[in-house]
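Asker: There's a structure below that I have some questions on.
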Amino acid sequence: MNTQSSAPVIVASGLGHTYKGGHTALAGVDLELGAGLFGLLGPNGAGKSTLMRILCTLLEPTEGRASVFGHDVVQERQAVRGRIGYLPQDFGGWRLHRVEEVLDTLARLSGMREKAHRKNRVAEVLEAVGLTDAAHRKVKKLSGGMVRRLGVAQALVHEPSVLVVDEPTVGLDPEERMRFRQLMARLGRDRTILLSTHIVADLGGGCRELALLDAGEVVFRGTPGELVQQAHGKVFETKASAAEAERIESQHEVVSRRVVQGGVELRFVAADAPTGATPVTSPTLEESYLAFMAARGRSEAARQDEQEADPEEGEGDTAEGADK
């Protein structure tokens with residue numbers, strides 16, 4: 001399938017949602033997405049999952065509208081669902097079923113009645129996500145990364161033109177994260193992928209554009225390179241004594257800390273150049289995100305997200321459920 005077109009695939013206009021308790025999860029979101037991998041980045045509770053669920057017709061907006069290939073997500077739900085595949089944050093279940101059974105059942109539910117066609121399609125998606133050798137294995141025997149790839153397979157089985165992926169790598173080890181990023185980059189070559197995450201590294205090199213969502217609003221929209229450009233002159237490195245390093249850490253958002261002979265090497269975010277620190281000439285995307293959020297007074301949220309990118313620091317995103 002090929003979604004390459006000058007017309008936007010997903011359009012959100014003035015999109016908002018306020019829950020019954022009065023919490024506003026989205027406020028006036030405007031987005032247009034074309035083909036390729038598009039990243040939706042933001043801290044826990046930013047409204048990412050709410051936006052995803054609206055686009056997948058699982059939740060009605062309380063204001064504004066959204067469409068997929070011109071089909072309104074409220075008025076034309078079935079048409080949207082036929083064009084979209086969804087991998088939710090909490091994909092699971094099916095523990096006692098074999099992998100190919102899961103996909104065959106979901107393919108049948110999506111409308112594939114012909115057994116031979118389903119069999120071929122199941123084999124195709126298993127190969128696409130690297131699970132061919134696990135086809136006869138029960139889901140409970142899969143690793144966390146393999147379960148996430150099975151989740152991608154079930155989202156792809158009915159051959160959608162759009163894939164929506166919500167927080168895909170929380171709890172995975174670094175190797176599985178890398179494998180998942182490579183899979184997303186490959187799949188994004190001939191379809192639209194909207195990937196929501198609070199872990200910046202999830203976007204990988206295949207991300208064409210990204211939007212940064214904070215407190216329900218889009219606060220940045222552009223290419224990864226444009227976000228990096230905004231960080232120039234805001235990320236610094238220095239070598240300091242242990243005491244001086246502690247002072248810097250108390251005053252600035254530290255990106256990395258490494259003990260070396262004679263002191264501590266630090267990379268950190270600051271609004272102005274501190275005495276003795278050298279500007280980093282090529283900030284990473286992660287550092288650029290931290291710099292952007294720190295400028296908004298959201299350094300604590302940004303730091304929490306970066307810590308959660310390390311599987312040893314925690315099992316992942318629990319606060320996002322508050323905006324569901």
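Each chain of the structure tokens is named A, B, ... in the order shown, its residues numbered from 1; ligands are numbered from 1 in display order.
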Region 78-93 of chain A: which residues within 9 Å, counting only C-alpha atoms, same-chain residues fewer than 3 positions away excluded, as an mmCIF file with C-alpha atoms, in the first residue's frame?
Answerer:
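What follows is the written file part.cif:
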```cif
data_model
loop_
_atom_site.group_PDB
_atom_site.id
_atom_site.type_symbol
_atom_site.label_atom_id
_atom_site.label_comp_id
_atom_site.auth_asym_id
_atom_site.auth_seq_id
_atom_site.Cartn_x
_atom_site.Cartn_y
_atom_site.Cartn_z
ATOM 1 C CA SER A 49 -3.482 8.933 24.687
ATOM 2 C CA MET A 52 -4.880 8.755 19.969
ATOM 3 C CA ARG A 53 -8.200 7.392 21.162
ATOM 4 C CA LEU A 55 -8.356 9.509 16.131
ATOM 5 C CA CYS A 56 -9.093 5.779 16.489
ATOM 6 C CA THR A 57 -12.835 6.502 17.074
ATOM 7 C CA SER A 67 -10.696 13.094 10.035
ATOM 8 C CA VAL A 68 -8.722 10.224 8.513
ATOM 9 C CA PHE A 69 -8.550 10.207 4.712
ATOM 10 C CA GLY A 70 -11.397 12.702 4.793
ATOM 11 C CA HIS A 71 -13.649 10.506 6.949
ATOM 12 C CA ASP A 72 -14.914 12.178 10.116
ATOM 13 C CA VAL A 73 -13.922 10.208 13.224
ATOM 14 C CA GLN A 75 -19.726 10.593 11.845
ATOM 15 C CA LEU A 96 -3.134 -19.105 26.187
ATOM 16 C CA SER A 110 -11.901 -7.475 10.652
ATOM 17 C CA VAL A 139 1.600 -15.625 23.809
ATOM 18 C CA LYS A 140 2.521 -16.282 27.450
ATOM 19 C CA VAL A 147 4.378 -9.088 22.596
ATOM 20 C CA ARG A 148 4.743 -5.502 21.371
ATOM 21 C CA GLY A 151 0.600 -5.913 18.869
ATOM 22 C CA VAL A 152 1.936 -4.264 15.715
ATOM 23 C CA GLN A 154 -2.576 -7.324 14.925
ATOM 24 C CA ALA A 155 -2.783 -3.626 14.010
ATOM 25 C CA LEU A 156 -1.504 -4.414 10.503
ATOM 26 C CA VAL A 157 -3.409 -7.592 9.744
ATOM 27 C CA HIS A 158 -6.315 -5.866 7.962
ATOM 28 C CA GLU A 159 -3.862 -3.893 5.787
ATOM 29 C CA PRO A 160 -4.517 -0.375 7.122
ATOM 30 C CA SER A 161 -3.031 2.730 5.536
ATOM 31 C CA VAL A 162 -2.548 4.363 8.948
ATOM 32 C CA LEU A 163 -0.910 2.892 12.039
ATOM 33 C CA VAL A 164 -1.414 4.531 15.447
ATOM 34 C CA VAL A 165 1.028 3.389 18.131
ATOM 35 C CA ASP A 166 0.749 4.494 21.754
ATOM 36 C CA GLU A 167 3.815 4.330 24.063
ATOM 37 C CA PRO A 168 5.268 1.268 22.319
ATOM 38 C CA VAL A 170 7.786 1.172 27.877
ATOM 39 C CA ASP A 317 4.141 5.174 31.889
#
```
Asker: Counting only C-alpha atoms, what is within 9 Å of Glu286 (chain A), bar same-chain residues fewer than 6 positions away, as a list in words?
Answerer: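 With the cut-off at 9 Å, the set is Ile199, Val200, Ala201, Val228, Val255 and Glu306 of chain A.
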Asker: Could you write out that same residue set with C-alpha atoms as a compact mmCIF listing (two decimals), in the first residue's frame?
Answerer:
```txt
# COMPACT_ATOMS: atom_id res chain seq x y z
CA ILE A 199 10.67 8.56 25.56
CA VAL A 200 12.43 10.72 22.99
CA ALA A 201 14.72 7.97 21.70
CA VAL A 228 17.51 20.56 17.71
CA VAL A 255 21.58 15.51 30.86
CA GLU A 306 14.37 10.67 30.45
```
Asker: As an exercise, work out the distance from CA of Pro61 (chain A) to CA of Arg296 (chain A) in Å and give it to one decimal place.
Answerer: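 Between CA of Pro61 (chain A) and CA of Arg296 (chain A) the gap is 26.7 Å.
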Asker: In Å, rounded to a single decimal, give me how far CA of Ala25 (chain A) is from CA of Ala46 (chain A).
Answerer: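 Taking CA of Ala46 (chain A) and CA of Ala25 (chain A), their separation equals 7.1 Å.
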Asker: Can you tell me which residues surround Phe268 (chain A) at a distance of at most 8 Å, considering only C-alpha atoms, apart from same-chain residues fewer than 5 positions away, and format the answer as a PyMOL selection string?
Answerer: chain A and resi 235-237+252-256
Asker: Could you take the residues named above and write them with all heavy atoms, as a PDB file, in the first residue's frame?
Answerer:
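What ended up in selection_35.pdb:
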```pdb
ATOM      1  N   VAL A 235      22.573  23.994  25.575  1.00  0.00           N
ATOM      2  CA  VAL A 235      23.133  22.758  26.117  1.00  0.00           C
ATOM      3  C   VAL A 235      24.640  22.939  26.256  1.00  0.00           C
ATOM      4  O   VAL A 235      25.314  23.354  25.309  1.00  0.00           O
ATOM      5  CB  VAL A 235      22.821  21.548  25.214  1.00  0.00           C
ATOM      6  CG1 VAL A 235      23.366  20.264  25.836  1.00  0.00           C
ATOM      7  CG2 VAL A 235      21.312  21.431  24.974  1.00  0.00           C
ATOM      8  N   PHE A 236      25.166  22.622  27.443  1.00  0.00           N
ATOM      9  CA  PHE A 236      26.576  22.899  27.739  1.00  0.00           C
ATOM     10  C   PHE A 236      27.259  21.662  28.318  1.00  0.00           C
ATOM     11  O   PHE A 236      26.600  20.731  28.793  1.00  0.00           O
ATOM     12  CB  PHE A 236      26.689  24.059  28.738  1.00  0.00           C
ATOM     13  CG  PHE A 236      26.054  25.326  28.259  1.00  0.00           C
ATOM     14  CD1 PHE A 236      24.711  25.588  28.523  1.00  0.00           C
ATOM     15  CD2 PHE A 236      26.780  26.244  27.533  1.00  0.00           C
ATOM     16  CE1 PHE A 236      24.116  26.760  28.071  1.00  0.00           C
ATOM     17  CE2 PHE A 236      26.195  27.417  27.079  1.00  0.00           C
ATOM     18  CZ  PHE A 236      24.855  27.673  27.340  1.00  0.00           C
ATOM     19  N   GLU A 237      28.586  21.698  28.275  1.00  0.00           N
ATOM     20  CA  GLU A 237      29.366  20.640  28.910  1.00  0.00           C
ATOM     21  C   GLU A 237      30.519  21.277  29.672  1.00  0.00           C
ATOM     22  O   GLU A 237      31.017  22.338  29.308  1.00  0.00           O
ATOM     23  CB  GLU A 237      29.877  19.638  27.874  1.00  0.00           C
ATOM     24  CG  GLU A 237      30.687  20.232  26.754  1.00  0.00           C
ATOM     25  CD  GLU A 237      30.998  19.205  25.673  1.00  0.00           C
ATOM     26  OE1 GLU A 237      30.589  18.038  25.830  1.00  0.00           O
ATOM     27  OE2 GLU A 237      31.652  19.575  24.671  1.00  0.00           O
ATOM     28  N   HIS A 252      20.795  23.424  37.504  1.00  0.00           N
ATOM     29  CA  HIS A 252      20.504  23.219  36.082  1.00  0.00           C
ATOM     30  C   HIS A 252      19.983  21.804  35.819  1.00  0.00           C
ATOM     31  O   HIS A 252      20.144  20.902  36.655  1.00  0.00           O
ATOM     32  CB  HIS A 252      21.761  23.469  35.239  1.00  0.00           C
ATOM     33  CG  HIS A 252      22.330  24.848  35.391  1.00  0.00           C
ATOM     34  ND1 HIS A 252      21.710  25.971  34.893  1.00  0.00           N
ATOM     35  CD2 HIS A 252      23.468  25.278  36.001  1.00  0.00           C
ATOM     36  CE1 HIS A 252      22.432  27.045  35.176  1.00  0.00           C
ATOM     37  NE2 HIS A 252      23.510  26.651  35.860  1.00  0.00           N
ATOM     38  N   GLU A 253      19.402  21.643  34.640  1.00  0.00           N
ATOM     39  CA  GLU A 253      18.901  20.336  34.203  1.00  0.00           C
ATOM     40  C   GLU A 253      20.065  19.538  33.620  1.00  0.00           C
ATOM     41  O   GLU A 253      20.571  19.832  32.527  1.00  0.00           O
ATOM     42  CB  GLU A 253      17.818  20.531  33.138  1.00  0.00           C
ATOM     43  CG  GLU A 253      17.133  19.250  32.721  1.00  0.00           C
ATOM     44  CD  GLU A 253      16.263  18.693  33.828  1.00  0.00           C
ATOM     45  OE1 GLU A 253      15.813  19.464  34.705  1.00  0.00           O
ATOM     46  OE2 GLU A 253      16.043  17.480  33.818  1.00  0.00           O
ATOM     47  N   VAL A 254      20.539  18.523  34.356  1.00  0.00           N
ATOM     48  CA  VAL A 254      21.694  17.743  33.930  1.00  0.00           C
ATOM     49  C   VAL A 254      21.249  16.617  33.015  1.00  0.00           C
ATOM     50  O   VAL A 254      20.341  15.853  33.329  1.00  0.00           O
ATOM     51  CB  VAL A 254      22.451  17.175  35.148  1.00  0.00           C
ATOM     52  CG1 VAL A 254      23.556  16.226  34.693  1.00  0.00           C
ATOM     53  CG2 VAL A 254      23.044  18.319  35.968  1.00  0.00           C
ATOM     54  N   VAL A 255      21.897  16.537  31.853  1.00  0.00           N
ATOM     55  CA  VAL A 255      21.579  15.512  30.863  1.00  0.00           C
ATOM     56  C   VAL A 255      22.382  14.244  31.126  1.00  0.00           C
ATOM     57  O   VAL A 255      21.859  13.137  31.078  1.00  0.00           O
ATOM     58  CB  VAL A 255      21.868  16.030  29.436  1.00  0.00           C
ATOM     59  CG1 VAL A 255      21.595  14.942  28.408  1.00  0.00           C
ATOM     60  CG2 VAL A 255      21.050  17.276  29.148  1.00  0.00           C
ATOM     61  N   SER A 256      23.664  14.407  31.403  1.00  0.00           N
ATOM     62  CA  SER A 256      24.503  13.240  31.681  1.00  0.00           C
ATOM     63  C   SER A 256      25.597  13.631  32.664  1.00  0.00           C
ATOM     64  O   SER A 256      26.020  14.796  32.737  1.00  0.00           O
ATOM     65  CB  SER A 256      25.124  12.683  30.395  1.00  0.00           C
ATOM     66  OG  SER A 256      26.042  13.612  29.836  1.00  0.00           O
TER      67      SER A 256
END
```
Asker: Which is closer to Leu15 (chain A) than all the others in A:Lys48, A:Arg221, A:Arg137, A:Arg65, using only C-alpha atoms?
Answerer: A:Arg65
Asker: For Pro224 (chain A), list every protein, DNA or RNA residue within 12 Å, evaluated using only C-alpha atoms, and leave out those in the same chain fewer than 3 positions away; present the list as a short mmCIF file (atom, residue, chain, number, x, y, z; two decimals) with all heavy atoms, in the first residue's frame.
Answerer:
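File selection29.cif, as written:
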```
data_model
loop_
_atom_site.label_atom_id
_atom_site.label_comp_id
_atom_site.auth_asym_id
_atom_site.auth_seq_id
_atom_site.Cartn_x
_atom_site.Cartn_y
_atom_site.Cartn_z
N LEU A 37 6.59 8.49 9.17
CA LEU A 37 6.54 8.36 10.63
C LEU A 37 6.47 9.74 11.27
O LEU A 37 7.36 10.57 11.07
CB LEU A 37 7.77 7.60 11.13
CG LEU A 37 7.93 7.46 12.65
CD1 LEU A 37 6.73 6.74 13.26
CD2 LEU A 37 9.22 6.71 12.97
N PHE A 38 5.41 9.97 12.03
CA PHE A 38 5.19 11.24 12.72
C PHE A 38 5.22 10.97 14.22
O PHE A 38 4.51 10.10 14.72
CB PHE A 38 3.84 11.83 12.31
CG PHE A 38 3.58 13.21 12.86
CD1 PHE A 38 3.85 14.34 12.09
CD2 PHE A 38 3.07 13.38 14.14
CE1 PHE A 38 3.61 15.61 12.59
CE2 PHE A 38 2.83 14.65 14.65
CZ PHE A 38 3.10 15.77 13.86
N GLY A 39 6.03 11.72 14.95
CA GLY A 39 6.16 11.52 16.38
C GLY A 39 5.29 12.48 17.17
O GLY A 39 5.24 13.67 16.88
N LEU A 40 4.60 11.95 18.16
CA LEU A 40 3.83 12.76 19.10
C LEU A 40 4.53 12.63 20.44
O LEU A 40 4.47 11.60 21.10
CB LEU A 40 2.39 12.27 19.18
CG LEU A 40 1.44 13.09 20.06
CD1 LEU A 40 1.29 14.50 19.50
CD2 LEU A 40 0.08 12.42 20.16
N LEU A 41 5.20 13.68 20.84
CA LEU A 41 6.09 13.65 22.00
C LEU A 41 5.53 14.53 23.11
O LEU A 41 4.93 15.57 22.86
CB LEU A 41 7.46 14.17 21.57
CG LEU A 41 8.61 14.17 22.56
CD1 LEU A 41 8.96 12.74 22.96
CD2 LEU A 41 9.83 14.85 21.94
N VAL A 200 12.02 10.06 24.22
CA VAL A 200 12.43 10.72 22.99
C VAL A 200 13.13 9.76 22.03
O VAL A 200 12.91 9.81 20.82
CB VAL A 200 13.36 11.91 23.31
CG1 VAL A 200 13.69 12.69 22.05
CG2 VAL A 200 12.70 12.83 24.34
N ALA A 201 13.96 8.86 22.55
CA ALA A 201 14.72 7.97 21.70
C ALA A 201 13.83 7.04 20.88
O ALA A 201 14.27 6.49 19.87
CB ALA A 201 15.69 7.14 22.54
N LEU A 203 11.61 7.77 18.88
CA LEU A 203 11.32 8.32 17.55
C LEU A 203 12.35 7.88 16.52
O LEU A 203 12.03 7.72 15.35
CB LEU A 203 11.27 9.84 17.62
CG LEU A 203 10.20 10.42 18.56
CD1 LEU A 203 10.22 11.94 18.52
CD2 LEU A 203 8.82 9.89 18.21
N GLY A 204 13.58 7.67 16.95
CA GLY A 204 14.60 7.16 16.06
C GLY A 204 14.89 8.09 14.89
O GLY A 204 14.40 9.22 14.80
N GLY A 205 15.67 7.58 13.94
CA GLY A 205 16.07 8.38 12.78
C GLY A 205 15.03 8.42 11.69
O GLY A 205 15.17 9.19 10.74
N GLY A 206 13.98 7.58 11.80
CA GLY A 206 12.98 7.52 10.74
C GLY A 206 11.87 8.55 10.89
O GLY A 206 10.97 8.61 10.06
N CYS A 207 11.92 9.35 11.94
CA CYS A 207 10.84 10.31 12.21
C CYS A 207 10.99 11.54 11.30
O CYS A 207 12.00 12.24 11.35
CB CYS A 207 10.88 10.73 13.67
SG CYS A 207 9.61 11.92 14.13
N ARG A 208 9.98 11.79 10.47
CA ARG A 208 10.02 12.95 9.57
C ARG A 208 9.66 14.24 10.27
O ARG A 208 10.29 15.27 10.07
CB ARG A 208 9.04 12.73 8.41
CG ARG A 208 9.43 11.64 7.44
CD ARG A 208 8.48 11.64 6.26
NE ARG A 208 8.85 10.63 5.28
CZ ARG A 208 8.25 10.50 4.10
NH1 ARG A 208 7.27 11.31 3.77
NH2 ARG A 208 8.63 9.56 3.26
N GLU A 209 8.60 14.19 11.06
CA GLU A 209 8.12 15.36 11.77
C GLU A 209 7.66 14.95 13.16
O GLU A 209 7.40 13.78 13.41
CB GLU A 209 6.94 16.01 11.04
CG GLU A 209 7.29 16.75 9.77
CD GLU A 209 6.08 17.52 9.25
OE1 GLU A 209 5.26 16.91 8.56
OE2 GLU A 209 5.96 18.73 9.56
N LEU A 210 7.55 15.93 14.03
CA LEU A 210 7.04 15.64 15.36
C LEU A 210 6.25 16.83 15.88
O LEU A 210 6.41 17.97 15.43
CB LEU A 210 8.17 15.27 16.32
CG LEU A 210 9.29 16.27 16.59
CD1 LEU A 210 8.92 17.23 17.71
CD2 LEU A 210 10.58 15.54 16.96
N ALA A 211 5.36 16.52 16.80
CA ALA A 211 4.63 17.55 17.53
C ALA A 211 4.88 17.31 19.00
O ALA A 211 4.91 16.16 19.45
CB ALA A 211 3.14 17.51 17.22
N LEU A 212 5.08 18.38 19.74
CA LEU A 212 5.28 18.27 21.18
C LEU A 212 4.01 18.75 21.86
O LEU A 212 3.59 19.88 21.68
CB LEU A 212 6.49 19.11 21.60
CG LEU A 212 7.22 18.68 22.87
CD1 LEU A 212 8.60 19.31 22.94
CD2 LEU A 212 6.42 19.07 24.11
N PHE A 220 4.93 22.70 20.02
CA PHE A 220 5.95 22.70 18.97
C PHE A 220 5.50 21.77 17.86
O PHE A 220 4.94 20.70 18.12
CB PHE A 220 7.31 22.23 19.50
CG PHE A 220 8.35 22.07 18.41
CD1 PHE A 220 9.10 23.15 17.99
CD2 PHE A 220 8.54 20.84 17.80
CE1 PHE A 220 10.03 23.01 16.96
CE2 PHE A 220 9.47 20.68 16.78
CZ PHE A 220 10.23 21.77 16.36
N ARG A 221 5.75 22.18 16.62
CA ARG A 221 5.48 21.32 15.47
C ARG A 221 6.57 21.58 14.44
O ARG A 221 6.81 22.72 14.06
CB ARG A 221 4.11 21.63 14.88
CG ARG A 221 3.87 21.06 13.47
CD ARG A 221 3.66 19.55 13.51
NE ARG A 221 3.69 18.98 12.17
CZ ARG A 221 2.63 18.84 11.37
NH1 ARG A 221 1.44 19.28 11.77
NH2 ARG A 221 2.74 18.27 10.19
N LEU A 227 13.75 21.18 16.01
CA LEU A 227 13.77 21.18 17.48
C LEU A 227 15.20 21.25 17.98
O LEU A 227 15.50 21.99 18.94
CB LEU A 227 13.08 19.93 18.02
CG LEU A 227 12.98 19.84 19.55
CD1 LEU A 227 12.17 21.01 20.11
CD2 LEU A 227 12.34 18.51 19.97
N VAL A 228 16.09 20.52 17.33
CA VAL A 228 17.51 20.56 17.71
C VAL A 228 18.07 21.96 17.52
O VAL A 228 18.85 22.47 18.35
CB VAL A 228 18.31 19.52 16.90
CG1 VAL A 228 19.82 19.74 17.08
CG2 VAL A 228 17.93 18.10 17.32
N GLN A 229 17.67 22.62 16.43
CA GLN A 229 18.17 23.96 16.14
C GLN A 229 17.83 24.93 17.27
O GLN A 229 18.62 25.80 17.64
CB GLN A 229 17.57 24.47 14.83
CG GLN A 229 18.08 25.82 14.38
CD GLN A 229 19.56 25.81 14.04
OE1 GLN A 229 20.08 24.84 13.51
NE2 GLN A 229 20.25 26.91 14.33
N GLN A 230 16.64 24.76 17.87
CA GLN A 230 16.23 25.64 18.96
C GLN A 230 17.07 25.43 20.22
O GLN A 230 17.07 26.29 21.11
CB GLN A 230 14.75 25.41 19.29
CG GLN A 230 13.79 25.87 18.21
CD GLN A 230 12.36 25.95 18.71
OE1 GLN A 230 12.09 25.97 19.91
NE2 GLN A 230 11.42 26.01 17.79
N ALA A 231 17.75 24.30 20.30
CA ALA A 231 18.53 23.99 21.50
C ALA A 231 19.96 24.53 21.44
O ALA A 231 20.68 24.50 22.45
CB ALA A 231 18.57 22.48 21.73
N PRO A 283 23.68 19.27 19.78
CA PRO A 283 22.82 18.66 20.80
C PRO A 283 22.05 17.48 20.21
O PRO A 283 21.71 17.47 19.03
CB PRO A 283 21.86 19.81 21.16
CG PRO A 283 22.49 21.06 20.66
CD PRO A 283 23.31 20.66 19.48
N THR A 284 21.78 16.49 21.04
CA THR A 284 20.95 15.37 20.61
C THR A 284 19.48 15.78 20.67
O THR A 284 19.12 16.81 21.24
CB THR A 284 21.17 14.15 21.52
OG1 THR A 284 20.67 14.47 22.83
CG2 THR A 284 22.64 13.77 21.59
N LEU A 285 18.62 14.95 20.08
CA LEU A 285 17.19 15.22 20.13
C LEU A 285 16.70 15.19 21.58
O LEU A 285 15.86 16.00 21.98
CB LEU A 285 16.43 14.21 19.29
CG LEU A 285 14.93 14.45 19.12
CD1 LEU A 285 14.66 15.81 18.48
CD2 LEU A 285 14.29 13.33 18.30
N GLU A 286 17.22 14.24 22.37
CA GLU A 286 16.84 14.16 23.78
C GLU A 286 17.22 15.43 24.53
O GLU A 286 16.42 15.97 25.32
CB GLU A 286 17.50 12.95 24.45
CG GLU A 286 16.96 11.61 24.00
CD GLU A 286 17.71 11.05 22.79
OE1 GLU A 286 18.39 11.83 22.07
OE2 GLU A 286 17.62 9.85 22.55
N GLU A 287 18.43 15.92 24.29
CA GLU A 287 18.87 17.15 24.94
C GLU A 287 18.03 18.34 24.49
O GLU A 287 17.72 19.23 25.29
CB GLU A 287 20.35 17.39 24.64
CG GLU A 287 21.27 16.39 25.32
CD GLU A 287 22.69 16.44 24.78
OE1 GLU A 287 22.90 17.00 23.69
OE2 GLU A 287 23.59 15.90 25.46
N SER A 288 17.65 18.34 23.23
CA SER A 288 16.84 19.43 22.70
C SER A 288 15.45 19.44 23.32
O SER A 288 14.89 20.50 23.61
CB SER A 288 16.74 19.30 21.18
OG SER A 288 18.03 19.29 20.59
N TYR A 289 14.90 18.25 23.53
CA TYR A 289 13.61 18.14 24.19
C TYR A 289 13.70 18.66 25.63
O TYR A 289 12.85 19.42 26.10
CB TYR A 289 13.15 16.68 24.17
CG TYR A 289 11.95 16.38 25.04
CD1 TYR A 289 10.73 17.00 24.84
CD2 TYR A 289 12.04 15.44 26.08
CE1 TYR A 289 9.63 16.71 25.63
CE2 TYR A 289 10.95 15.14 26.87
CZ TYR A 289 9.74 15.77 26.64
OH TYR A 289 8.66 15.48 27.45
#
```
Asker: Between A:Thr275, A:Lys115, A:Ala240, A:Gly36, which residue has the minimum interatomic distance to Gly262 (chain A), considering only C-alpha atoms?
Answerer: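 The answer is A:Ala240, which sits nearest to Gly262 (chain A).
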Asker: Can you pull out every residue within 12 Å of Met112 (chain A), counting only C-alpha atoms, but drop anything in the same chain fewer than 3 positions away, and send it as a PDB file with N, CA and C atoms, in the first residue's frame?
Answerer:
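In the end it all went to selection.pdb:
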```pdb
ATOM      1  N   GLY A  82     -11.679   1.098   9.109  1.00  0.00           N
ATOM      2  CA  GLY A  82     -11.186   0.275   8.022  1.00  0.00           C
ATOM      3  C   GLY A  82      -9.845   0.728   7.486  1.00  0.00           C
ATOM      4  N   LEU A 103      -3.759 -13.754  15.497  1.00  0.00           N
ATOM      5  CA  LEU A 103      -3.874 -12.960  14.278  1.00  0.00           C
ATOM      6  C   LEU A 103      -4.991 -13.471  13.370  1.00  0.00           C
ATOM      7  N   ASP A 104      -5.155 -14.779  13.292  1.00  0.00           N
ATOM      8  CA  ASP A 104      -6.228 -15.330  12.457  1.00  0.00           C
ATOM      9  C   ASP A 104      -7.598 -14.889  12.988  1.00  0.00           C
ATOM     10  N   THR A 105      -7.764 -14.924  14.313  1.00  0.00           N
ATOM     11  CA  THR A 105      -9.034 -14.511  14.916  1.00  0.00           C
ATOM     12  C   THR A 105      -9.317 -13.043  14.649  1.00  0.00           C
ATOM     13  N   LEU A 106      -8.305 -12.191  14.830  1.00  0.00           N
ATOM     14  CA  LEU A 106      -8.502 -10.765  14.620  1.00  0.00           C
ATOM     15  C   LEU A 106      -8.703 -10.436  13.143  1.00  0.00           C
ATOM     16  N   ALA A 107      -8.049 -11.172  12.272  1.00  0.00           N
ATOM     17  CA  ALA A 107      -8.267 -10.976  10.834  1.00  0.00           C
ATOM     18  C   ALA A 107      -9.701 -11.333  10.458  1.00  0.00           C
ATOM     19  N   ARG A 108     -10.200 -12.419  11.038  1.00  0.00           N
ATOM     20  CA  ARG A 108     -11.585 -12.829  10.765  1.00  0.00           C
ATOM     21  C   ARG A 108     -12.572 -11.785  11.273  1.00  0.00           C
ATOM     22  N   LEU A 109     -12.287 -11.229  12.450  1.00  0.00           N
ATOM     23  CA  LEU A 109     -13.162 -10.195  13.001  1.00  0.00           C
ATOM     24  C   LEU A 109     -13.120  -8.910  12.170  1.00  0.00           C
ATOM     25  N   LYS A 115     -10.434 -18.230   4.189  1.00  0.00           N
ATOM     26  CA  LYS A 115      -9.395 -18.831   5.028  1.00  0.00           C
ATOM     27  C   LYS A 115      -8.014 -18.734   4.392  1.00  0.00           C
ATOM     28  N   ALA A 116      -7.911 -19.003   3.091  1.00  0.00           N
ATOM     29  CA  ALA A 116      -6.605 -18.968   2.421  1.00  0.00           C
ATOM     30  C   ALA A 116      -6.018 -17.563   2.446  1.00  0.00           C
ATOM     31  N   HIS A 117      -6.874 -16.556   2.260  1.00  0.00           N
ATOM     32  CA  HIS A 117      -6.406 -15.169   2.292  1.00  0.00           C
ATOM     33  C   HIS A 117      -5.910 -14.806   3.687  1.00  0.00           C
ATOM     34  N   ARG A 118      -6.661 -15.232   4.714  1.00  0.00           N
ATOM     35  CA  ARG A 118      -6.242 -14.951   6.092  1.00  0.00           C
ATOM     36  C   ARG A 118      -4.905 -15.606   6.390  1.00  0.00           C
ATOM     37  N   LYS A 119      -4.750 -16.847   5.969  1.00  0.00           N
ATOM     38  CA  LYS A 119      -3.507 -17.566   6.234  1.00  0.00           C
ATOM     39  C   LYS A 119      -2.315 -16.841   5.614  1.00  0.00           C
ATOM     40  N   ASN A 120      -2.478 -16.408   4.375  1.00  0.00           N
ATOM     41  CA  ASN A 120      -1.396 -15.695   3.696  1.00  0.00           C
ATOM     42  C   ASN A 120      -1.099 -14.363   4.372  1.00  0.00           C
ATOM     43  N   ARG A 121      -2.164 -13.659   4.771  1.00  0.00           N
ATOM     44  CA  ARG A 121      -1.977 -12.356   5.393  1.00  0.00           C
ATOM     45  C   ARG A 121      -1.314 -12.480   6.759  1.00  0.00           C
ATOM     46  N   VAL A 122      -1.718 -13.484   7.539  1.00  0.00           N
ATOM     47  CA  VAL A 122      -1.085 -13.724   8.837  1.00  0.00           C
ATOM     48  C   VAL A 122       0.401 -14.000   8.653  1.00  0.00           C
ATOM     49  N   VAL A 157      -2.899  -6.406  10.420  1.00  0.00           N
ATOM     50  CA  VAL A 157      -3.409  -7.592   9.744  1.00  0.00           C
ATOM     51  C   VAL A 157      -4.494  -7.278   8.721  1.00  0.00           C
ATOM     52  N   HIS A 158      -5.266  -6.209   8.931  1.00  0.00           N
ATOM     53  CA  HIS A 158      -6.315  -5.866   7.962  1.00  0.00           C
ATOM     54  C   HIS A 158      -5.829  -4.852   6.925  1.00  0.00           C
ATOM     55  N   GLU A 159      -4.513  -4.724   6.800  1.00  0.00           N
ATOM     56  CA  GLU A 159      -3.862  -3.893   5.787  1.00  0.00           C
ATOM     57  C   GLU A 159      -4.279  -2.423   5.847  1.00  0.00           C
TER      58      GLU A 159
END
```
Asker: Which one of A:Leu213, A:Ala295, A:Val259, A:Glu244 sits closest to Gly276 (chain A) if you count only C-alpha atoms?
Answerer: A:Glu244
Asker: Just the number, please: distance in Å from CA of Glu127 (chain A) to CA of Val9 (chain A), one decimal.
Answerer: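 Between these atoms lies a distance of 26.4 Å.
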Asker: Counting only C-alpha atoms, which of A:His232, A:Arg257, A:Arg95, A:Arg298 gets nearest to Ala273 (chain A)?
Answerer: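 Nearest candidate to Ala273 (chain A) out of A:His232, A:Arg257, A:Arg95, A:Arg298: A:His232.
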Asker: Of the residues A:Ser196, A:His97, A:Ser143, A:Arg189, which is the one nearest to Gly171 (chain A), using only C-alpha atoms?
Answerer: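 Checking each of A:Ser196, A:His97, A:Ser143, A:Arg189 against Gly171 (chain A), counting only C-alpha atoms, the winner is A:Ser143.
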Asker: If you run DSSP over the backbone, which residues in region 53-233 of chain A end up alpha helix (DSSP H)? Put them as an MDAnalysis selection string.
Answerer: chainID A and resid 53:55 77:83 99:109 115:128 144:156 174:187 224:231
